[in-house]
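Below is run_32.txt, holding compact mmCIF, C-alpha atoms and all ligand atoms.
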# COMPACT_ATOMS: atom_id res chain seq x y z
CA MET A 217 128.01 116.20 186.66
CA THR A 218 130.96 113.79 186.44
CA ALA A 219 132.12 113.09 182.89
CA ALA A 220 134.08 110.10 181.55
CA VAL A 221 137.31 111.40 179.99
CA VAL A 222 139.43 109.49 177.47
CA VAL A 223 143.05 109.31 178.65
CA GLY A 224 144.46 106.33 176.72
CA VAL A 225 143.97 104.50 173.43
CA GLY A 226 145.33 101.20 172.13
CA ALA A 227 144.71 98.60 169.44
CA SER A 228 145.78 95.12 168.54
CA LEU A 229 145.46 93.52 165.11
CA PRO A 230 146.29 89.97 164.05
CA GLN A 231 149.49 89.36 162.12
CA ARG A 232 147.79 87.51 159.29
CA VAL A 233 146.81 89.74 156.34
CA VAL A 234 144.09 88.26 154.10
CA THR A 235 143.98 89.87 150.68
CA ASN A 236 141.04 90.08 148.28
CA ALA A 237 143.05 87.93 145.88
CA GLU A 238 143.31 85.19 148.52
CA LEU A 239 139.51 85.19 149.00
CA ALA A 240 138.93 85.25 145.23
CA GLY A 241 141.00 82.05 145.12
CA TYR A 242 138.15 80.05 146.69
CA LEU A 243 135.06 82.29 146.52
CA ASP A 244 133.09 83.54 143.51
CA THR A 245 134.28 87.11 143.98
CA SER A 246 136.97 89.51 142.76
CA ASP A 247 139.25 92.25 144.04
CA GLU A 248 137.35 94.67 141.80
CA TRP A 249 133.92 93.74 143.30
CA ILE A 250 135.12 93.87 146.88
CA ARG A 251 136.93 97.20 146.46
CA SER A 252 134.15 98.91 144.53
CA ARG A 253 131.28 97.67 146.79
CA THR A 254 132.99 97.90 150.18
CA GLY A 255 136.28 99.84 149.90
CA ILE A 256 138.11 96.88 151.47
CA GLY A 257 141.51 95.90 150.04
CA ALA A 258 142.67 93.56 152.81
CA ARG A 259 141.70 92.49 156.31
CA ARG A 260 143.40 90.67 159.21
CA TRP A 261 142.28 87.32 160.53
CA VAL A 262 143.67 85.50 163.54
CA ASP A 263 145.85 82.43 163.25
CA PRO A 264 144.40 79.23 164.71
CA GLY A 265 144.44 79.33 168.50
CA VAL A 266 144.17 83.12 168.84
CA SER A 267 140.91 84.27 170.48
CA THR A 268 138.99 87.48 171.03
CA GLY A 269 140.27 87.53 174.63
CA ASP A 270 143.86 87.39 173.38
CA LEU A 271 143.35 90.44 171.13
CA ALA A 272 141.38 92.23 173.86
CA THR A 273 144.08 91.65 176.46
CA ARG A 274 146.79 93.01 174.17
CA ALA A 275 144.73 96.09 173.20
CA GLY A 276 143.85 96.65 176.86
CA GLU A 277 147.49 96.44 177.90
CA LEU A 278 148.43 98.99 175.20
CA ALA A 279 145.62 101.38 176.20
CA LEU A 280 146.73 101.22 179.84
CA ARG A 281 150.28 101.99 178.71
CA SER A 282 148.97 104.89 176.60
CA ALA A 283 147.14 106.24 179.68
CA GLY A 284 150.23 105.72 181.85
CA VAL A 285 148.24 103.75 184.44
CA GLY A 286 148.57 100.23 185.79
CA ARG A 287 145.12 99.88 187.30
CA VAL A 288 141.48 100.71 186.55
CA ASP A 289 138.31 100.03 188.56
CA ALA A 290 136.40 98.19 185.83
CA VAL A 291 136.81 96.40 182.50
CA VAL A 292 134.10 96.38 179.83
CA VAL A 293 134.52 94.17 176.74
CA ALA A 294 132.19 94.78 173.80
CA THR A 295 132.12 91.72 171.55
CA THR A 296 129.97 89.54 169.31
CA THR A 297 132.55 86.76 169.41
CA PRO A 298 133.26 86.02 173.09
CA ASP A 299 135.86 83.39 173.99
CA ARG A 300 133.00 81.21 175.27
CA LEU A 301 129.21 81.62 175.34
CA CYS A 302 129.53 81.53 179.12
CA PRO A 303 131.14 83.11 181.10
CA ALA A 304 131.80 86.60 179.74
CA THR A 305 135.23 87.38 178.27
CA ALA A 306 135.89 90.51 180.39
CA PRO A 307 136.69 88.82 183.75
CA GLU A 308 139.41 86.68 182.17
CA VAL A 309 140.82 89.69 180.30
CA ALA A 310 140.91 91.64 183.58
CA THR A 311 142.76 88.83 185.33
CA ARG A 312 145.26 88.51 182.47
CA LEU A 313 145.92 92.24 182.91
CA GLY A 314 146.63 91.66 186.60
CA LEU A 315 143.29 93.17 187.64
CA THR A 316 141.59 90.26 189.42
CA GLY A 317 138.83 91.43 191.76
CA ILE A 318 137.53 94.41 189.77
CA SER A 319 134.16 94.81 188.02
CA ALA A 320 134.24 93.11 184.58
CA HIS A 321 131.43 92.46 182.11
CA ASP A 322 130.69 92.01 178.40
CA VAL A 323 128.36 94.00 176.17
CA ASN A 324 126.86 92.61 172.95
CA ALA A 325 125.52 95.15 170.48
CA VAL A 326 127.26 93.62 167.44
CA CYS A 327 128.72 96.44 165.29
CA THR A 328 127.39 99.15 167.64
CA GLY A 329 129.25 97.43 170.47
CA PHE A 330 131.95 100.07 170.82
CA LEU A 331 129.39 102.80 171.52
CA TYR A 332 127.24 100.62 173.80
CA GLY A 333 130.41 99.61 175.67
CA LEU A 334 131.38 103.26 175.93
CA SER A 335 127.94 104.02 177.36
CA SER A 336 128.47 101.34 179.98
CA ALA A 337 131.85 102.84 180.91
CA VAL A 338 130.38 106.35 181.05
CA GLY A 339 127.56 105.06 183.28
CA LEU A 340 129.95 103.36 185.72
CA ILE A 341 131.88 106.60 186.07
CA ALA A 342 128.88 108.97 186.17
CA ALA A 343 127.21 106.88 188.90
CA GLY A 344 130.37 106.98 190.99
CA ASN A 345 130.82 103.21 190.78
CA ALA A 346 134.22 103.51 189.10
CA GLU A 347 136.85 106.24 188.93
CA SER A 348 138.41 104.68 185.83
CA VAL A 349 137.37 102.10 183.23
CA LEU A 350 139.15 100.12 180.51
CA MET A 351 136.71 99.73 177.61
CA ILE A 352 137.70 97.27 174.89
CA GLY A 353 135.93 96.43 171.63
CA ALA A 354 137.27 93.08 170.40
CA GLU A 355 136.27 90.60 167.72
CA THR A 356 137.36 87.47 165.89
CA PHE A 357 134.67 87.45 163.19
CA SER A 358 136.80 85.03 161.17
CA THR A 359 135.65 82.38 163.68
CA ILE A 360 131.91 82.88 162.91
CA ILE A 361 131.76 83.76 159.22
CA ASP A 362 130.81 81.04 156.76
CA PRO A 363 133.89 80.66 154.55
CA LYS A 364 131.56 79.85 151.64
CA ASP A 365 129.37 82.98 152.08
CA ARG A 366 130.79 85.66 149.81
CA GLY A 367 128.31 88.20 151.22
CA THR A 368 130.00 88.21 154.65
CA ALA A 369 133.40 86.50 154.28
CA VAL A 370 134.83 89.41 152.28
CA ILE A 371 133.69 92.05 154.77
CA PHE A 372 134.23 90.95 158.36
CA ALA A 373 137.54 90.82 160.18
CA ASP A 374 139.37 90.56 163.49
CA GLY A 375 140.96 93.07 165.86
CA ALA A 376 140.61 94.97 169.12
CA GLY A 377 140.55 98.64 170.06
CA ALA A 378 140.56 100.01 173.60
CA LEU A 379 140.12 103.24 175.55
CA VAL A 380 140.96 104.11 179.13
CA LEU A 381 138.50 106.57 180.69
CA ARG A 382 138.66 108.34 184.04
CA ALA A 383 136.30 110.59 185.98
CA GLY A 384 136.63 114.26 185.05
CA ALA A 385 134.82 117.43 184.03
CA PRO A 386 132.47 117.73 181.00
CA ASP A 387 134.47 120.63 179.53
CA GLU A 388 137.83 118.78 179.58
CA PRO A 389 139.33 117.50 176.31
CA GLY A 390 138.46 113.80 176.07
CA ALA A 391 135.12 114.11 177.92
CA VAL A 392 132.59 111.87 176.18
CA GLY A 393 129.51 113.88 175.16
CA PRO A 394 125.88 112.77 175.36
CA LEU A 395 125.46 109.29 173.86
CA VAL A 396 122.41 108.61 171.71
CA LEU A 397 121.65 104.87 171.50
CA GLY A 398 118.77 103.02 169.86
CA SER A 399 117.51 99.62 168.81
CA ASP A 400 114.82 97.80 166.80
CA GLY A 401 114.47 94.14 167.76
CA GLY A 402 111.73 93.70 165.14
CA LEU A 403 114.58 93.51 162.63
CA ALA A 404 116.73 91.04 164.61
CA ASP A 405 116.69 88.54 161.73
CA LEU A 406 118.67 90.85 159.41
CA ILE A 407 121.92 90.11 161.29
CA GLN A 408 122.08 86.89 163.32
CA ILE A 409 123.63 83.57 164.19
CA PRO A 410 120.54 81.33 163.93
CA ALA A 411 121.70 78.42 166.13
CA GLY A 412 123.38 77.93 169.47
CA GLY A 413 121.13 80.18 171.54
CA SER A 414 118.20 79.24 173.79
CA ARG A 415 115.57 79.78 171.08
CA GLN A 416 117.00 77.10 168.81
CA ARG A 417 118.03 74.76 171.65
CA SER A 418 114.68 75.05 173.43
CA SER A 419 112.74 74.42 170.21
CA GLY A 420 114.29 70.96 170.07
CA ALA A 421 114.92 71.52 166.35
CA ALA A 422 118.21 70.10 165.16
CA ALA A 423 120.49 72.77 163.76
CA GLU A 424 122.53 72.34 160.60
CA PRO A 425 126.25 73.09 160.91
CA GLU A 426 125.70 76.20 158.69
CA ASP A 427 123.21 77.59 161.22
CA TYR A 428 126.05 78.31 163.62
CA TYR A 429 127.52 80.83 161.18
CA PHE A 430 126.91 84.59 161.17
CA ARG A 431 124.29 85.67 158.61
CA MET A 432 123.54 89.14 157.24
CA ARG A 433 120.93 90.39 154.75
CA GLY A 434 123.36 92.98 153.44
CA ARG A 435 121.24 95.02 151.07
CA GLU A 436 118.46 95.60 153.66
CA VAL A 437 121.01 96.32 156.39
CA TYR A 438 122.70 98.90 154.17
CA ARG A 439 119.58 101.07 153.92
CA HIS A 440 118.90 101.00 157.67
CA ALA A 441 122.57 101.66 158.45
CA VAL A 442 122.71 104.89 156.44
CA GLU A 443 119.44 106.20 157.91
CA ARG A 444 120.16 105.32 161.52
CA MET A 445 123.79 106.43 161.56
CA ALA A 446 122.84 109.81 160.09
CA SER A 447 119.83 110.38 162.36
CA SER A 448 121.58 109.32 165.57
CA ALA A 449 124.55 111.55 164.65
CA MET A 450 122.20 114.52 164.28
CA GLN A 451 120.56 113.71 167.63
CA ALA A 452 123.93 113.41 169.38
CA LEU A 453 124.92 116.83 168.03
CA GLY A 454 121.63 118.31 169.24
CA ARG A 455 122.02 116.76 172.70
CA ALA A 456 125.53 118.25 172.92
CA GLY A 457 124.27 121.67 171.82
CA LEU A 458 126.43 121.55 168.69
CA THR A 459 125.91 121.92 164.95
CA MET A 460 127.70 120.15 162.12
CA SER A 461 129.99 123.16 161.66
CA ASP A 462 131.48 122.37 165.09
CA ILE A 463 132.68 118.96 163.87
CA ASP A 464 136.27 118.56 162.68
CA LYS A 465 136.39 114.81 162.02
CA PHE A 466 133.77 112.15 161.36
CA VAL A 467 134.65 108.72 162.82
CA PRO A 468 132.05 106.22 161.59
CA HIS A 469 131.95 102.48 162.31
CA GLN A 470 133.90 100.91 159.45
CA ALA A 471 131.09 98.84 157.90
CA ASN A 472 131.69 99.75 154.30
CA ALA A 473 133.30 102.79 152.64
CA ARG A 474 130.09 103.46 150.68
CA ILE A 475 128.04 103.61 153.91
CA SER A 476 130.53 106.04 155.49
CA ALA A 477 130.42 108.23 152.37
CA ALA A 478 126.62 108.17 152.17
CA VAL A 479 126.24 109.08 155.87
CA GLY A 480 128.88 111.82 155.58
CA GLU A 481 127.08 113.25 152.56
CA ARG A 482 123.71 113.23 154.37
CA LEU A 483 125.29 115.08 157.25
CA GLY A 484 126.78 117.67 154.89
CA LEU A 485 130.37 116.81 155.83
CA GLN A 486 133.31 117.22 153.46
CA GLU A 487 134.92 113.99 152.25
CA ARG A 488 138.25 115.01 153.81
CA GLN A 489 136.59 115.15 157.26
CA THR A 490 135.79 111.42 157.22
CA VAL A 491 138.39 109.19 158.87
CA SER A 492 138.70 105.66 157.50
CA ASN A 493 140.79 102.51 157.71
CA VAL A 494 138.35 100.01 156.22
CA GLU A 495 140.66 99.51 153.22
CA CYS A 496 143.30 97.75 155.33
CA VAL A 497 141.27 96.51 158.32
CA GLY A 498 137.82 95.51 156.98
CA ASN A 499 134.75 95.53 159.22
CA THR A 500 135.80 94.59 162.75
CA ALA A 501 132.31 95.12 164.26
CA ALA A 502 132.53 96.18 167.94
CA ALA A 503 136.26 96.84 167.59
CA SER A 504 136.13 99.12 164.58
CA ILE A 505 135.78 102.59 166.13
CA GLY A 506 138.46 101.79 168.74
CA ILE A 507 140.94 100.57 166.12
CA LEU A 508 140.15 103.58 163.93
CA LEU A 509 140.70 106.04 166.80
CA ALA A 510 144.05 104.41 167.59
CA GLU A 511 145.27 104.22 163.98
CA ALA A 512 144.10 107.72 163.07
CA THR A 513 145.74 109.18 166.19
CA ALA A 514 149.02 107.44 165.35
CA ALA A 515 148.86 108.55 161.70
CA GLY A 516 147.89 112.17 162.49
CA GLY A 517 144.44 111.78 160.88
CA ILE A 518 142.90 113.00 164.13
CA ARG A 519 144.69 115.41 166.46
CA ALA A 520 144.30 116.74 169.97
CA GLY A 521 141.69 119.51 170.16
CA GLN A 522 139.64 118.31 167.19
CA ARG A 523 135.95 117.67 167.83
CA LEU A 524 134.95 114.19 166.67
CA LEU A 525 131.57 112.77 165.71
CA LEU A 526 131.31 108.99 166.27
CA THR A 527 128.46 106.87 164.93
CA ALA A 528 127.78 103.16 164.51
CA PHE A 529 125.15 100.67 163.42
CA GLY A 530 124.80 96.92 163.83
CA GLY A 531 122.81 93.80 164.58
CA GLY A 532 119.92 94.00 166.97
CA LEU A 533 119.30 96.20 165.15
CA THR A 534 121.25 98.74 167.17
CA TRP A 535 122.73 102.15 166.47
CA GLY A 536 124.29 105.09 168.27
CA ALA A 537 126.38 108.25 168.16
CA THR A 538 128.35 110.66 170.35
CA THR A 539 130.79 113.55 170.17
CA LEU A 540 134.01 114.41 171.99
CA VAL A 541 137.00 116.69 171.74
CA TRP A 542 140.00 114.43 171.15
CA PRO A 543 142.55 114.69 173.99
CA GLU A 544 146.34 114.77 173.88
CA VAL A 545 147.12 111.02 173.80
CA THR A 546 149.71 108.75 172.23
CA ALA A 547 148.17 105.67 170.64
CA HIS A 548 149.88 102.33 171.20
CA ILE A 549 149.25 99.73 168.48
CA ALA A 550 150.31 96.14 167.89
CA ALA A 551 149.79 95.39 164.20
CA PRO A 552 151.61 94.20 161.09
CA PRO A 553 153.39 97.16 159.51
CA ARG A 554 151.42 98.98 156.81
CA ALA A 555 154.23 98.30 154.34
CA ALA A 556 153.67 94.56 154.73
CA ILE A 557 149.96 94.98 154.05
CA ALA A 558 150.56 97.11 150.98
CA ALA A 559 153.01 94.52 149.66
CA ALA A 560 150.53 91.69 150.30
CA SER A 561 147.61 93.43 148.55
O1 LIG B 1 128.65 96.40 160.27
C1 LIG B 1 127.32 96.72 160.49
C2 LIG B 1 126.34 95.92 159.73
N1 LIG B 1 126.72 95.64 158.39
C3 LIG B 1 126.61 96.55 157.40
O2 LIG B 1 126.31 97.69 157.62
C4 LIG B 1 126.79 96.04 155.99
C5 LIG B 1 125.71 96.58 155.12
N2 LIG B 1 125.69 96.07 153.76
C6 LIG B 1 126.68 96.20 152.88
O3 LIG B 1 127.74 96.71 153.19
C7 LIG B 1 126.42 95.77 151.46
O4 LIG B 1 125.05 95.46 151.31
C8 LIG B 1 127.28 94.56 151.00
C9 LIG B 1 128.73 94.97 150.84
C10 LIG B 1 127.13 93.42 152.00
C11 LIG B 1 126.79 94.10 149.64
O5 LIG B 1 126.85 95.16 148.70
P1 LIG B 1 125.58 95.52 147.82
O6 LIG B 1 126.01 96.58 146.89
O7 LIG B 1 124.44 95.80 148.74
O8 LIG B 1 125.38 94.19 147.02
P2 LIG B 1 124.09 93.25 146.98
O9 LIG B 1 123.97 92.47 148.24
O10 LIG B 1 122.93 94.06 146.52
O11 LIG B 1 124.51 92.27 145.83
C12 LIG B 1 124.72 92.71 144.47
C13 LIG B 1 125.18 91.52 143.67
C14 LIG B 1 124.32 90.28 143.90
O12 LIG B 1 124.22 89.59 142.66
P3 LIG B 1 122.89 89.75 141.75
O13 LIG B 1 121.77 89.27 142.62
O14 LIG B 1 122.80 91.21 141.44
O15 LIG B 1 123.21 88.87 140.59
C15 LIG B 1 125.15 89.46 144.86
O16 LIG B 1 124.89 88.08 144.76
O17 LIG B 1 126.51 91.17 144.05
C16 LIG B 1 126.54 89.79 144.41
N3 LIG B 1 127.54 89.61 145.45
C17 LIG B 1 128.86 89.45 145.18
N4 LIG B 1 129.52 89.38 144.01
C18 LIG B 1 130.86 89.22 144.08
C19 LIG B 1 127.38 89.63 146.80
N5 LIG B 1 128.57 89.48 147.42
C20 LIG B 1 129.49 89.35 146.42
C21 LIG B 1 130.88 89.17 146.42
N6 LIG B 1 131.52 89.12 145.22
N7 LIG B 1 131.60 89.09 147.56
Would you encode the structure as structure tokens?
Ligand code: UT7
Amino acid sequence: MTAAVVVGVGASLPQRVVTNAELAGYLDTSDEWIRSRTGIGARRWVDPGVSTGDLATRAGELALRSAGVGRVDAVVVATTTPDRLCPATAPEVATRLGLTGISAHDVNAVCTGFLYGLSSAVGLIAAGNAESVLMIGAETFSTIIDPKDRGTAVIFADGAGALVLRAGAPDEPGAVGPLVLGSDGGLADLIQIPAGGSRQRSSGAAAEPEDYYFRMRGREVYRHAVERMASSAMQALGRAGLTMSDIDKFVPHQANARISAAVGERLGLQERQTVSNVECVGNTAAASIGILLAEATAAGGIRAGQRLLLTAFGGGLTWGATTLVWPEVTAHIAAPPRAAIAAAS
């Protein structure tokens, strides 16, 4: 069986740091509420004119550099915030990377996008349709959040994280383990953009400008997120023939520090095993696991040889999990220096 093996990791974050204090300047919220309910101290939003494709291209370029390769056979972009509704963002990203002609497509699984995108990359390699894939999770949520909605504006953020994968053996470091993915479309209304799609357009009903914004029923989502992240993580372990004692580091989608802690606790993991960057990055949806892998690798929070457990949850509803032994890689990151963020917040 051919495995997909991680050989490069990169990330790109916008220069603009948005502090809780800045949001509290125009929303009915506070640094204390945001920190205590979400663990977020600051997030990065793009400047006007910067798109998801721009962040994706930069992260992709850095992941290719990390892998030491100039070419791949396919590009997958996982995003909720494509550059345009049509066509997909991936072909343009591929061309900007000098890869015109290769397979390129988008995946939309909202905050589970990184794992669904990974599954697509694994599938391309396992089927023999690609020897190598660049998989990028990229978002500009600042372009779809309602600036007046304190329930989402304080949480969501922008960024891109990318992996390069190549065909290899299942027992190699970096080989992606069995992926457990799931969905429940009966709960699609919990996380949605009500207008702009065929359902609203075909109904002939006029949409209000607010209907084009991203909406989330946070409290209900929270409960499902904890349950689904924990159960899919357990299933992924089982499918890999592992137990929780085999796991060195827990790498959850960065939805909310409380969700990560609750899932970690359910799984019986120690607090120190959970890797996090939500405090400085916020919730970057499909990009979050990729950015976290890159930042934690660069900071020494995850090291070569450690076995990681990845899990995510998002709109759809969708969820998923997988495991892998982290390979020897150098992460390449384009981001404002941490010192600047600390000074700003
Ligand atoms: O990324 C994948 C999908 N997303 C998630 O997994 C996110 C899941 N949900 C969450 O992370 C949390 O539900 C939130 C962070 C969104 C909200 O935290 P919560 O502890 O569930 O708060 P809540 O929605 O139950 O609201 C508690 C109170 C409410 O006031 P009342 O009704 O108790 O008077 C809200 O109106 O907090 C209020 N509130 C705020 N107050 C200050 C909601 N947002 C804010 C805010 N600042 N930004």
Box for ligand LIG 1 (chain B): with edges along x, y and z, all listed atoms inside and 5 Å added on each side, what are the centre and edge lengths in Å to one decimal, as AutoDock Vina command-line options?
--center_x 126.7 --center_y 92.9 --center_z 150.5 --size_x 19.8 --size_y 19.6 --size_z 29.9
TODO: Could I get the residue neighbourhood of ligand LIG 1 (chain B) at 9 Å, counting all atoms listed in the file, as an MDAnalysis selection string?
DONE: chainID A and resid 239:240 243:250 252:254 326:328 365:372 407 432:442 469:475 499:502 528:531 533
TODO: Go through A:Gly257, A:Pro552, A:Pro230, A:Gly241 one by one, measure the shortest atom-to-atom distance of each to Val494 of chain A using all atoms listed in the file, and give the residue with the smallest value.
DONE: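 Answer, going by the shortest atom-to-atom distance: A:Gly257.
Residues in contact range of Gly393 of chain A, defined as at most 9 Å between only C-alpha atoms, with sequence neighbours fewer than 5 positions away removed, read Ala219, Ala220, Pro386, Ala452, Leu453, Arg455, Ala456, Thr538, Thr539, Leu540 and Val541 of chain A.
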TODO: Go through A:Trp542, A:Phe357, A:Tyr332, A:Tyr242 and flag the residue nearest Leu397 of chain A, using all atoms listed in the file for the distances.
DONE: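 Distance minimum relative to Leu397 of chain A lands on A:Tyr332.
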Supply segment 493-502 of chain A as a PDB file, in the coordinates of the input, with all heavy atoms built in where the input has gaps.
ATOM      1  N   ASN A 493     139.726 103.496 157.862  1.00  0.00           N
ATOM      2  CA  ASN A 493     140.790 102.510 157.710  1.00  0.00           C
ATOM      3  C   ASN A 493     140.246 101.186 157.182  1.00  0.00           C
ATOM      4  O   ASN A 493     140.905 100.165 157.266  1.00  0.00           O
ATOM      5  CB  ASN A 493     141.559 102.290 159.037  1.00  0.00           C
ATOM      6  CG  ASN A 493     140.672 101.703 160.132  1.00  0.00           C
ATOM      7  OD1 ASN A 493     139.478 101.536 159.948  1.00  0.00           O
ATOM      8  ND2 ASN A 493     141.268 101.385 161.260  1.00  0.00           N
ATOM      9  N   VAL A 494     139.012 101.246 156.662  1.00  0.00           N
ATOM     10  CA  VAL A 494     138.350 100.010 156.220  1.00  0.00           C
ATOM     11  C   VAL A 494     139.150  99.324 155.108  1.00  0.00           C
ATOM     12  O   VAL A 494     139.116  98.095 154.979  1.00  0.00           O
ATOM     13  CB  VAL A 494     136.888 100.301 155.776  1.00  0.00           C
ATOM     14  CG1 VAL A 494     136.824 100.948 154.406  1.00  0.00           C
ATOM     15  CG2 VAL A 494     136.040  99.037 155.835  1.00  0.00           C
ATOM     16  N   GLU A 495     139.908 100.097 154.338  1.00  0.00           N
ATOM     17  CA  GLU A 495     140.660  99.510 153.220  1.00  0.00           C
ATOM     18  C   GLU A 495     141.649  98.441 153.702  1.00  0.00           C
ATOM     19  O   GLU A 495     141.818  97.419 153.042  1.00  0.00           O
ATOM     20  CB  GLU A 495     141.397 100.600 152.448  1.00  0.00           C
ATOM     21  CG  GLU A 495     142.045 100.012 151.204  1.00  0.00           C
ATOM     22  CD  GLU A 495     142.937 100.980 150.451  1.00  0.00           C
ATOM     23  OE1 GLU A 495     143.061 102.138 150.880  1.00  0.00           O
ATOM     24  OE2 GLU A 495     143.516 100.540 149.440  1.00  0.00           O
ATOM     25  N   CYS A 496     142.277  98.694 154.845  1.00  0.00           N
ATOM     26  CA  CYS A 496     143.300  97.750 155.330  1.00  0.00           C
ATOM     27  C   CYS A 496     142.818  96.856 156.463  1.00  0.00           C
ATOM     28  O   CYS A 496     143.485  95.881 156.796  1.00  0.00           O
ATOM     29  CB  CYS A 496     144.517  98.523 155.841  1.00  0.00           C
ATOM     30  SG  CYS A 496     145.348  99.428 154.564  1.00  0.00           S
ATOM     31  N   VAL A 497     141.689  97.201 157.086  1.00  0.00           N
ATOM     32  CA  VAL A 497     141.270  96.510 158.320  1.00  0.00           C
ATOM     33  C   VAL A 497     139.963  95.737 158.132  1.00  0.00           C
ATOM     34  O   VAL A 497     139.703  94.771 158.846  1.00  0.00           O
ATOM     35  CB  VAL A 497     141.140  97.560 159.466  1.00  0.00           C
ATOM     36  CG1 VAL A 497     140.585  96.942 160.727  1.00  0.00           C
ATOM     37  CG2 VAL A 497     142.499  98.186 159.754  1.00  0.00           C
ATOM     38  N   GLY A 498     139.130  96.140 157.152  1.00  0.00           N
ATOM     39  CA  GLY A 498     137.820  95.510 156.980  1.00  0.00           C
ATOM     40  C   GLY A 498     136.864  95.958 158.077  1.00  0.00           C
ATOM     41  O   GLY A 498     137.106  96.947 158.770  1.00  0.00           O
ATOM     42  N   ASN A 499     135.763  95.207 158.220  1.00  0.00           N
ATOM     43  CA  ASN A 499     134.750  95.530 159.220  1.00  0.00           C
ATOM     44  C   ASN A 499     135.001  94.674 160.464  1.00  0.00           C
ATOM     45  O   ASN A 499     134.762  93.470 160.455  1.00  0.00           O
ATOM     46  CB  ASN A 499     133.357  95.245 158.636  1.00  0.00           C
ATOM     47  CG  ASN A 499     132.224  95.548 159.612  1.00  0.00           C
ATOM     48  OD1 ASN A 499     132.445  95.672 160.819  1.00  0.00           O
ATOM     49  ND2 ASN A 499     131.023  95.650 159.093  1.00  0.00           N
ATOM     50  N   THR A 500     135.484  95.310 161.514  1.00  0.00           N
ATOM     51  CA  THR A 500     135.800  94.590 162.750  1.00  0.00           C
ATOM     52  C   THR A 500     134.718  94.775 163.814  1.00  0.00           C
ATOM     53  O   THR A 500     134.980  94.641 165.016  1.00  0.00           O
ATOM     54  CB  THR A 500     137.177  95.012 163.313  1.00  0.00           C
ATOM     55  OG1 THR A 500     137.157  96.430 163.516  1.00  0.00           O
ATOM     56  CG2 THR A 500     138.308  94.654 162.381  1.00  0.00           C
ATOM     57  N   ALA A 501     133.503  95.073 163.380  1.00  0.00           N
ATOM     58  CA  ALA A 501     132.310  95.120 164.260  1.00  0.00           C
ATOM     59  C   ALA A 501     132.552  95.972 165.509  1.00  0.00           C
ATOM     60  O   ALA A 501     132.870  97.152 165.378  1.00  0.00           O
ATOM     61  CB  ALA A 501     131.868  93.695 164.583  1.00  0.00           C
ATOM     62  N   ALA A 502     132.427  95.384 166.702  1.00  0.00           N
ATOM     63  CA  ALA A 502     132.530  96.180 167.940  1.00  0.00           C
ATOM     64  C   ALA A 502     133.899  96.806 168.139  1.00  0.00           C
ATOM     65  O   ALA A 502     134.049  97.728 168.936  1.00  0.00           O
ATOM     66  CB  ALA A 502     132.200  95.309 169.145  1.00  0.00           C
TER      67      ALA A 502
END
